[in-house]
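Have a look at coords-v6.txt; it's compact mmCIF, C-alpha atoms:
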# COMPACT_ATOMS: atom_id res chain seq x y z
CA ASP A 611 8.83 19.78 -1.20
CA GLY A 612 5.41 18.28 -1.87
CA GLY A 613 4.38 15.20 0.02
CA ILE A 614 2.23 13.58 2.66
CA THR A 615 2.86 14.25 6.33
CA GLN A 616 1.60 11.83 8.92
CA SER A 617 1.76 12.63 12.61
CA PRO A 618 2.64 11.53 15.13
CA LYS A 619 5.17 8.91 14.07
CA TYR A 620 4.50 6.88 17.24
CA LEU A 621 1.29 6.89 19.27
CA PHE A 622 0.31 5.02 22.41
CA ARG A 623 -3.30 4.46 23.34
CA LYS A 624 -4.82 3.23 26.54
CA GLU A 625 -7.69 0.78 26.48
CA GLY A 626 -11.02 2.56 25.86
CA GLN A 627 -9.53 5.72 24.41
CA ASN A 628 -10.15 7.29 21.03
CA VAL A 629 -7.10 8.59 19.19
CA THR A 630 -6.80 10.61 16.00
CA LEU A 631 -4.05 10.17 13.42
CA SER A 632 -3.23 13.15 11.27
CA CYS A 633 -2.65 13.08 7.50
CA GLU A 634 -1.87 16.25 5.55
CA GLN A 635 -0.86 16.55 1.88
CA ASN A 636 0.34 19.52 -0.15
CA LEU A 637 0.26 17.70 -3.48
CA ASN A 638 -3.14 19.08 -4.52
CA HIS A 639 -4.38 15.49 -4.81
CA ASP A 640 -8.11 14.85 -4.80
CA ALA A 641 -8.24 11.30 -3.47
CA MET A 642 -6.90 10.16 -0.12
CA TYR A 643 -6.75 6.75 1.54
CA TRP A 644 -6.07 5.12 4.88
CA TYR A 645 -4.47 1.68 5.03
CA ARG A 646 -3.61 -0.53 7.97
CA GLN A 647 -0.49 -2.69 7.81
CA ASP A 648 -0.02 -5.80 9.94
CA PRO A 649 2.83 -8.32 9.65
CA GLY A 650 2.02 -10.98 7.08
CA GLN A 651 -1.26 -9.34 6.02
CA GLY A 652 -0.13 -6.64 3.66
CA LEU A 653 -2.01 -3.37 3.46
CA ARG A 654 -5.75 -3.35 4.08
CA LEU A 655 -7.98 -0.42 3.15
CA ILE A 656 -9.83 1.30 6.01
CA TYR A 657 -11.45 4.35 4.39
CA TYR A 658 -10.99 6.43 1.27
CA SER A 659 -12.17 9.79 0.02
CA GLN A 660 -12.28 10.93 -3.59
CA ILE A 661 -13.54 14.43 -2.90
CA VAL A 662 -14.00 16.86 -0.03
CA ASN A 663 -16.95 16.09 2.27
CA ASP A 664 -17.31 12.57 0.87
CA PHE A 665 -15.74 9.29 1.93
CA GLN A 666 -16.39 5.55 1.65
CA LYS A 667 -15.69 2.53 3.81
CA GLY A 668 -12.95 0.19 2.81
CA ASP A 669 -12.55 -3.47 3.70
CA ILE A 670 -11.94 -3.02 7.45
CA ALA A 671 -13.79 0.18 8.47
CA GLU A 672 -15.30 -1.14 11.71
CA GLY A 673 -13.97 0.77 14.73
CA TYR A 674 -12.62 3.64 12.63
CA SER A 675 -14.00 7.01 11.52
CA VAL A 676 -12.75 9.73 9.17
CA SER A 677 -13.57 13.24 8.01
CA ARG A 678 -12.64 15.19 4.89
CA GLU A 679 -13.42 18.86 5.54
CA LYS A 680 -10.43 20.13 3.57
CA LYS A 681 -8.76 18.82 0.44
CA GLU A 682 -5.40 18.74 2.21
CA SER A 683 -6.46 16.83 5.32
CA PHE A 684 -7.88 13.35 5.98
CA PRO A 685 -7.67 12.50 9.70
CA LEU A 686 -8.39 8.99 10.96
CA THR A 687 -9.92 8.34 14.39
CA VAL A 688 -9.34 4.96 15.96
CA THR A 689 -12.24 4.48 18.35
CA SER A 690 -12.55 2.30 21.42
CA ALA A 691 -14.71 -0.02 19.31
CA GLN A 692 -11.60 -1.15 17.41
CA LYS A 693 -10.59 -4.20 19.41
CA ASN A 694 -7.14 -4.71 17.97
CA PRO A 695 -5.79 -1.28 17.01
CA THR A 696 -2.08 -1.98 17.36
CA ALA A 697 -0.72 -1.61 13.82
CA PHE A 698 1.15 0.59 11.36
CA TYR A 699 -1.21 3.08 9.71
CA LEU A 700 -0.47 4.52 6.28
CA CYS A 701 -2.10 7.44 4.54
CA ALA A 702 -1.91 7.83 0.77
CA SER A 703 -3.15 10.15 -1.94
CA THR A 704 -3.53 10.07 -5.73
CA PRO A 705 -3.66 12.85 -8.33
CA PRO A 706 -6.66 13.31 -10.64
CA GLY A 707 -4.69 12.57 -13.79
CA PHE A 708 -3.13 9.36 -12.47
CA PRO A 709 -5.64 7.72 -10.15
CA TYR A 710 -3.44 4.71 -9.46
CA GLY A 711 -0.31 6.72 -8.68
CA TYR A 712 -0.33 6.37 -4.92
CA THR A 713 1.97 8.53 -2.80
CA PHE A 714 2.27 7.25 0.75
CA GLY A 715 3.17 9.02 3.97
CA SER A 716 5.76 7.62 6.36
CA GLY A 717 3.13 6.09 8.62
CA THR A 718 2.05 6.19 12.25
CA ARG A 719 2.75 3.25 14.52
CA LEU A 720 -0.08 2.89 17.05
CA THR A 721 0.39 0.75 20.13
CA VAL A 722 -2.19 -0.08 22.79
CA VAL A 723 -0.75 0.01 26.30
CA GLN B 1358 -13.71 -10.46 -2.37
CA GLN B 1359 -10.94 -9.22 -4.59
CA GLN B 1360 -7.62 -10.86 -3.76
CA VAL B 1361 -4.03 -10.71 -4.79
CA LYS B 1362 -1.92 -13.65 -3.64
CA GLN B 1363 1.81 -13.08 -3.22
CA SER B 1364 4.69 -15.50 -2.70
CA PRO B 1365 7.11 -16.16 -1.19
CA GLN B 1366 6.62 -14.52 2.19
CA SER B 1367 10.37 -14.11 2.61
CA LEU B 1368 13.36 -14.49 0.31
CA ILE B 1369 17.12 -14.55 0.81
CA VAL B 1370 19.31 -13.96 -2.22
CA GLN B 1371 23.05 -13.64 -2.61
CA LYS B 1372 24.48 -10.38 -3.88
CA GLY B 1373 24.45 -10.40 -7.68
CA GLY B 1374 21.70 -13.00 -7.87
CA ILE B 1375 18.17 -12.73 -9.26
CA SER B 1376 15.25 -12.14 -6.91
CA ILE B 1377 11.86 -13.34 -8.10
CA ILE B 1378 8.54 -12.54 -6.43
CA ASN B 1379 5.25 -13.86 -7.76
CA CYS B 1380 1.66 -12.67 -7.58
CA ALA B 1381 -1.65 -14.05 -8.77
CA TYR B 1382 -5.00 -12.33 -9.03
CA GLU B 1383 -8.60 -13.38 -9.53
CA ASN B 1384 -10.50 -10.34 -10.75
CA THR B 1385 -10.29 -9.99 -14.52
CA ALA B 1386 -11.40 -6.34 -14.21
CA PHE B 1387 -7.97 -5.43 -12.84
CA ASP B 1388 -6.05 -3.36 -15.39
CA TYR B 1389 -3.13 -1.89 -13.48
CA PHE B 1390 -0.47 -3.86 -11.61
CA PRO B 1391 2.11 -1.90 -9.60
CA TRP B 1392 4.92 -3.06 -7.37
CA TYR B 1393 5.84 -1.12 -4.25
CA GLN B 1394 9.06 -1.17 -2.23
CA GLN B 1395 8.99 -0.46 1.49
CA PHE B 1396 11.91 0.10 3.86
CA PRO B 1397 11.43 -0.36 7.63
CA GLY B 1398 9.53 2.50 9.26
CA LYS B 1399 8.66 4.09 5.91
CA GLY B 1400 5.70 4.14 3.62
CA PRO B 1401 5.73 2.11 0.39
CA ALA B 1402 7.07 3.76 -2.74
CA LEU B 1403 6.06 2.92 -6.30
CA LEU B 1404 8.78 0.87 -7.98
CA ILE B 1405 7.39 -0.18 -11.34
CA ALA B 1406 3.96 -0.89 -12.84
CA ILE B 1407 2.43 -2.63 -15.84
CA ARG B 1408 -0.85 -2.76 -17.70
CA PRO B 1409 -2.15 -6.05 -19.17
CA ASP B 1410 -1.64 -5.03 -22.79
CA VAL B 1411 2.09 -5.80 -22.50
CA SER B 1412 3.81 -8.96 -21.29
CA GLU B 1413 6.95 -7.38 -19.87
CA LYS B 1414 8.23 -4.04 -18.63
CA LYS B 1415 11.79 -3.28 -17.64
CA GLU B 1416 13.20 -0.36 -15.69
CA GLY B 1417 16.86 -0.69 -14.87
CA ARG B 1418 17.40 -3.87 -12.84
CA PHE B 1419 13.66 -4.32 -12.23
CA THR B 1420 11.39 -6.23 -14.62
CA ILE B 1421 7.71 -7.12 -14.42
CA SER B 1422 6.57 -10.19 -16.32
CA PHE B 1423 2.83 -10.43 -16.94
CA ASN B 1424 0.82 -13.51 -17.99
CA LYS B 1425 -2.75 -12.43 -18.66
CA SER B 1426 -4.12 -15.89 -19.41
CA ALA B 1427 -2.73 -17.30 -16.16
CA LYS B 1428 -3.64 -14.13 -14.21
CA GLN B 1429 -0.13 -13.97 -12.81
CA PHE B 1430 2.61 -11.39 -12.70
CA SER B 1431 6.06 -11.35 -11.20
CA LEU B 1432 8.87 -9.01 -10.23
CA HIS B 1433 12.44 -9.88 -11.19
CA ILE B 1434 15.33 -8.00 -9.60
CA MET B 1435 18.51 -8.60 -11.55
CA ASP B 1436 21.97 -8.26 -9.97
CA SER B 1437 20.38 -7.96 -6.52
CA GLN B 1438 22.19 -5.64 -4.11
CA PRO B 1439 22.13 -5.32 -0.30
CA GLY B 1440 20.38 -1.96 -0.76
CA ASP B 1441 17.47 -3.84 -2.35
CA SER B 1442 16.74 -5.48 1.01
CA ALA B 1443 13.19 -4.34 1.74
CA THR B 1444 9.60 -5.54 1.71
CA TYR B 1445 7.97 -5.72 -1.72
CA PHE B 1446 4.24 -5.56 -2.33
CA CYS B 1447 2.40 -6.34 -5.51
CA ALA B 1448 -0.97 -4.68 -6.03
CA ALA B 1449 -3.81 -4.45 -8.50
CA SER B 1450 -6.52 -2.00 -9.37
CA GLY B 1451 -9.13 -1.67 -12.02
CA ARG B 1452 -12.40 -0.35 -13.37
CA GLY B 1453 -15.22 0.03 -10.91
CA GLY B 1454 -12.89 -0.18 -7.96
CA GLY B 1455 -12.84 3.50 -7.12
CA ASN B 1456 -9.11 3.62 -7.85
CA LYS B 1457 -8.50 1.47 -4.82
CA LEU B 1458 -5.41 -0.69 -4.79
CA THR B 1459 -5.66 -4.27 -3.53
CA PHE B 1460 -2.31 -5.33 -2.11
CA GLY B 1461 -0.59 -8.66 -1.78
CA THR B 1462 0.69 -9.74 1.62
CA GLY B 1463 4.27 -8.69 0.97
CA THR B 1464 7.66 -10.36 0.52
CA GLN B 1465 10.61 -9.59 2.80
CA LEU B 1466 13.73 -9.66 0.65
CA LYS B 1467 17.18 -9.91 2.16
CA VAL B 1468 20.21 -9.67 -0.10
CA GLU B 1469 23.31 -11.09 1.53
CA LEU B 1470 26.93 -10.27 0.72
When written as structure tokens, how does the structure in this file appear?
Amino acid sequence: DGGITQSPKYLFRKEGQNVTLSCEQNLNHDAMYWYRQDPGQGLRLIYYSQIVNDFQKGDIAEGYSVSREKKESFPLTVTSAQKNPTAFYLCASTPPGFPYGYTFGSGTRLTVV
Amino acid sequence: QQQVKQSPQSLIVQKGGISIINCAYENTAFDYFPWYQQFPGKGPALLIAIRPDVSEKKEGRFTISFNKSAKQFSLHIMDSQPGDSATYFCAASGRGGGNKLTFGTGTQLKVEL
């Protein structure tokens, strides 16, 4: 079945560590997105990519980095510069013919320990 | 900054009742207004969407009402069921936005027996 796979489902990070969240899609979608979800704040856009080897900052990009070397993959790195990384992270993608038709993954819950 | 304001933050409805969630937007360039449903530990899933050229769209028990002049739209869930208990997000997107969705802050709906 086509879809978006996010891994791991749960991730624990120590202070000062970088961690990378995986997002893989087999939907042949061009555009991919990373959102952060916090209670009471909805979903906020971190980074997005509309094509391979190109990506743009969203509203809260500070402390995060991404790469888009393959169409299927859009990993997110949470760096030590992100002061409050504990959150639920969601990856999404959209097809070229329906740019607003977001498909979301099941998310990664990141906790700082 | 583009915003979508959503209310209420939480809602309790009796089984069989009508659930109503409201959203307001500021950017008149928005031309697509989806609603997403999210269950705990899962990513959001597209529920229903509307474009501003119509005032209402109905799919089963779910209806979007759209008021372009007031820049408001709402989700009505008729005959609410316990299985509808979830978090609902409104969103908006439009021209020049890079297909990015701007989300409301979410409404936690609980349908009681």
Identify, on the basis of only C-alpha atoms, every residue whose closest approach to Gly626 (chain A) does not exceed 8 Å; exclude the query and any residue fewer than 3 positions from it along the same chain; express the result as a tab-separated table (two decimals) with C-alpha atoms, in the frame of the given file.
chain	number	residue	atom	x	y	z
A	689	THR	CA	-12.24	4.48	18.35
A	690	SER	CA	-12.55	2.30	21.42
A	691	ALA	CA	-14.71	-0.02	19.31
Set the distance at 7 Å and use only C-alpha atoms: which residues neighbour region 1446-1449 of chain B once local chain neighbours fewer than 4 positions away are removed? I'd like the list as a list of chain:residue names.
B:Val1361, B:Cys1380, B:Phe1387, B:Tyr1389, B:Phe1390, B:Pro1391, B:Trp1392, B:Tyr1393, B:Gln1394, B:Leu1458, B:Thr1459, B:Phe1460, B:Gly1461, B:Thr1462, B:Gly1463, B:Thr1464
List the spatial neighbours of region 645-648 of chain A as a PDB file with C-alpha atoms, keeping the file's coordinate frame - criterion: any atom at most 6 Å away, only C-alpha atoms, same-chain residues fewer than 5 positions off excluded.
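Result file follows (part_3.pdb):
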ATOM      1  CA  LEU A 653      -2.010  -3.370   3.460  1.00  0.00           C
ATOM      2  CA  ARG A 654      -5.750  -3.350   4.080  1.00  0.00           C
ATOM      3  CA  LEU A 655      -7.980  -0.420   3.150  1.00  0.00           C
ATOM      4  CA  ILE A 656      -9.830   1.300   6.010  1.00  0.00           C
ATOM      5  CA  ALA A 697      -0.720  -1.610  13.820  1.00  0.00           C
ATOM      6  CA  PHE A 698       1.150   0.590  11.360  1.00  0.00           C
ATOM      7  CA  TYR A 699      -1.210   3.080   9.710  1.00  0.00           C
ATOM      8  CA  LEU A 700      -0.470   4.520   6.280  1.00  0.00           C
TER       9      LEU A 700
END
Restrict the distance test to all atoms listed in the file, flag each residue of chain A within 12 Å of chain B, and return the flagged residues as an NGL selection string.
:A and (613-616 or 619-620 or 640-661 or 665-669 or 697-719)
So, counting all atoms listed in the file, which residue among B:Val1411, B:Leu1470, B:Ile1421, B:Ala1386 is closest to Met1435 (chain B)?
B:Ile1421
Would you list the contacts of region 1412-1420 of chain B as number ranges by chain, taking every protein, DNA or RNA residue within 12 Å and counting all atoms listed in the file, but skipping same-chain residues closer than 4 positions in sequence?
B: 1373-1379, 1390-1394, 1404-1408, 1424-1438, 1441
Polymer residues at most 7 Å from Ser675 (chain A), only C-alpha atoms, same-chain spacing of 3 or more positions, as a VMD selection string
chain A and resid 686 to 688
Computed interatomic separation between CA of Gln1371 (chain B) and CA of Phe1396 (chain B) (Å):
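Those two atoms sit 18.8 Å apart.
Interatomic distance, CA of Gly612 (chain A) to CA of Leu720 (chain A): 25.0 Å.
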In Å, how far is it from CA of Glu625 (chain A) to CA of Val723 (chain A)?
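Interatomic distance, CA of Glu625 (chain A) to CA of Val723 (chain A): 7.0 Å.
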Could you please fill out region 681-692 of chain A with all heavy atoms and send it back as a PDB file, in the frame of the given file?
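Dumped everything to part_0.pdb:
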ATOM      1  N   LYS A 681      -9.414  19.654   1.442  1.00  0.00           N
ATOM      2  CA  LYS A 681      -8.760  18.820   0.440  1.00  0.00           C
ATOM      3  C   LYS A 681      -7.433  18.284   0.959  1.00  0.00           C
ATOM      4  O   LYS A 681      -7.029  17.169   0.646  1.00  0.00           O
ATOM      5  CB  LYS A 681      -8.532  19.631  -0.831  1.00  0.00           C
ATOM      6  CG  LYS A 681      -7.975  18.855  -2.008  1.00  0.00           C
ATOM      7  CD  LYS A 681      -7.888  19.752  -3.232  1.00  0.00           C
ATOM      8  CE  LYS A 681      -7.436  18.969  -4.456  1.00  0.00           C
ATOM      9  NZ  LYS A 681      -7.417  19.837  -5.670  1.00  0.00           N
ATOM     10  N   GLU A 682      -6.745  19.087   1.774  1.00  0.00           N
ATOM     11  CA  GLU A 682      -5.400  18.740   2.210  1.00  0.00           C
ATOM     12  C   GLU A 682      -5.366  17.743   3.364  1.00  0.00           C
ATOM     13  O   GLU A 682      -4.323  17.173   3.651  1.00  0.00           O
ATOM     14  CB  GLU A 682      -4.650  20.006   2.657  1.00  0.00           C
ATOM     15  CG  GLU A 682      -4.527  21.083   1.601  1.00  0.00           C
ATOM     16  CD  GLU A 682      -5.794  21.905   1.438  1.00  0.00           C
ATOM     17  OE1 GLU A 682      -6.659  21.881   2.344  1.00  0.00           O
ATOM     18  OE2 GLU A 682      -5.953  22.560   0.396  1.00  0.00           O
ATOM     19  N   SER A 683      -6.487  17.542   4.050  1.00  0.00           N
ATOM     20  CA  SER A 683      -6.460  16.830   5.320  1.00  0.00           C
ATOM     21  C   SER A 683      -7.452  15.672   5.349  1.00  0.00           C
ATOM     22  O   SER A 683      -8.609  15.813   4.898  1.00  0.00           O
ATOM     23  CB  SER A 683      -6.789  17.813   6.450  1.00  0.00           C
ATOM     24  OG  SER A 683      -6.809  17.170   7.695  1.00  0.00           O
ATOM     25  N   PHE A 684      -7.028  14.533   5.906  1.00  0.00           N
ATOM     26  CA  PHE A 684      -7.880  13.350   5.980  1.00  0.00           C
ATOM     27  C   PHE A 684      -7.552  12.619   7.282  1.00  0.00           C
ATOM     28  O   PHE A 684      -6.897  11.571   7.287  1.00  0.00           O
ATOM     29  CB  PHE A 684      -7.627  12.462   4.771  1.00  0.00           C
ATOM     30  CG  PHE A 684      -8.619  11.343   4.578  1.00  0.00           C
ATOM     31  CD1 PHE A 684      -9.973  11.517   4.804  1.00  0.00           C
ATOM     32  CD2 PHE A 684      -8.195  10.094   4.118  1.00  0.00           C
ATOM     33  CE1 PHE A 684     -10.884  10.494   4.598  1.00  0.00           C
ATOM     34  CE2 PHE A 684      -9.096   9.049   3.910  1.00  0.00           C
ATOM     35  CZ  PHE A 684     -10.439   9.254   4.151  1.00  0.00           C
ATOM     36  N   PRO A 685      -8.003  13.130   8.428  1.00  0.00           N
ATOM     37  CA  PRO A 685      -7.670  12.500   9.700  1.00  0.00           C
ATOM     38  C   PRO A 685      -8.442  11.209   9.945  1.00  0.00           C
ATOM     39  O   PRO A 685      -9.596  11.089   9.532  1.00  0.00           O
ATOM     40  CB  PRO A 685      -8.045  13.572  10.733  1.00  0.00           C
ATOM     41  CG  PRO A 685      -9.092  14.387  10.045  1.00  0.00           C
ATOM     42  CD  PRO A 685      -8.739  14.390   8.590  1.00  0.00           C
ATOM     43  N   LEU A 686      -7.792  10.283  10.623  1.00  0.00           N
ATOM     44  CA  LEU A 686      -8.390   8.990  10.960  1.00  0.00           C
ATOM     45  C   LEU A 686      -8.509   8.884  12.477  1.00  0.00           C
ATOM     46  O   LEU A 686      -7.524   9.083  13.189  1.00  0.00           O
ATOM     47  CB  LEU A 686      -7.509   7.854  10.446  1.00  0.00           C
ATOM     48  CG  LEU A 686      -7.901   6.428  10.858  1.00  0.00           C
ATOM     49  CD1 LEU A 686      -9.144   5.970  10.101  1.00  0.00           C
ATOM     50  CD2 LEU A 686      -6.751   5.447  10.616  1.00  0.00           C
ATOM     51  N   THR A 687      -9.716   8.568  12.964  1.00  0.00           N
ATOM     52  CA  THR A 687      -9.920   8.340  14.390  1.00  0.00           C
ATOM     53  C   THR A 687     -10.073   6.855  14.645  1.00  0.00           C
ATOM     54  O   THR A 687     -10.908   6.203  14.019  1.00  0.00           O
ATOM     55  CB  THR A 687     -11.142   9.097  14.919  1.00  0.00           C
ATOM     56  OG1 THR A 687     -10.922  10.508  14.775  1.00  0.00           O
ATOM     57  CG2 THR A 687     -11.380   8.794  16.395  1.00  0.00           C
ATOM     58  N   VAL A 688      -9.244   6.350  15.535  1.00  0.00           N
ATOM     59  CA  VAL A 688      -9.340   4.960  15.960  1.00  0.00           C
ATOM     60  C   VAL A 688     -10.153   4.954  17.251  1.00  0.00           C
ATOM     61  O   VAL A 688      -9.725   5.512  18.260  1.00  0.00           O
ATOM     62  CB  VAL A 688      -7.948   4.352  16.193  1.00  0.00           C
ATOM     63  CG1 VAL A 688      -8.057   2.874  16.542  1.00  0.00           C
ATOM     64  CG2 VAL A 688      -7.067   4.550  14.968  1.00  0.00           C
ATOM     65  N   THR A 689     -11.349   4.406  17.203  1.00  0.00           N
ATOM     66  CA  THR A 689     -12.240   4.480  18.350  1.00  0.00           C
ATOM     67  C   THR A 689     -12.030   3.291  19.287  1.00  0.00           C
ATOM     68  O   THR A 689     -11.356   2.311  18.943  1.00  0.00           O
ATOM     69  CB  THR A 689     -13.706   4.515  17.897  1.00  0.00           C
ATOM     70  OG1 THR A 689     -14.093   3.213  17.456  1.00  0.00           O
ATOM     71  CG2 THR A 689     -13.919   5.521  16.783  1.00  0.00           C
ATOM     72  N   SER A 690     -12.662   3.383  20.441  1.00  0.00           N
ATOM     73  CA  SER A 690     -12.550   2.300  21.420  1.00  0.00           C
ATOM     74  C   SER A 690     -13.234   1.025  20.930  1.00  0.00           C
ATOM     75  O   SER A 690     -13.019  -0.052  21.475  1.00  0.00           O
ATOM     76  CB  SER A 690     -13.155   2.736  22.753  1.00  0.00           C
ATOM     77  OG  SER A 690     -14.507   3.126  22.576  1.00  0.00           O
ATOM     78  N   ALA A 691     -14.032   1.148  19.877  1.00  0.00           N
ATOM     79  CA  ALA A 691     -14.710  -0.020  19.310  1.00  0.00           C
ATOM     80  C   ALA A 691     -13.758  -0.894  18.494  1.00  0.00           C
ATOM     81  O   ALA A 691     -14.080  -2.048  18.189  1.00  0.00           O
ATOM     82  CB  ALA A 691     -15.871   0.419  18.427  1.00  0.00           C
ATOM     83  N   GLN A 692     -12.595  -0.372  18.150  1.00  0.00           N
ATOM     84  CA  GLN A 692     -11.600  -1.150  17.410  1.00  0.00           C
ATOM     85  C   GLN A 692     -10.851  -2.009  18.420  1.00  0.00           C
ATOM     86  O   GLN A 692     -10.061  -1.493  19.222  1.00  0.00           O
ATOM     87  CB  GLN A 692     -10.663  -0.219  16.649  1.00  0.00           C
ATOM     88  CG  GLN A 692      -9.454  -0.898  15.987  1.00  0.00           C
ATOM     89  CD  GLN A 692      -9.775  -2.119  15.170  1.00  0.00           C
ATOM     90  OE1 GLN A 692      -9.302  -3.211  15.437  1.00  0.00           O
ATOM     91  NE2 GLN A 692     -10.621  -1.949  14.168  1.00  0.00           N
TER      92      GLN A 692
END
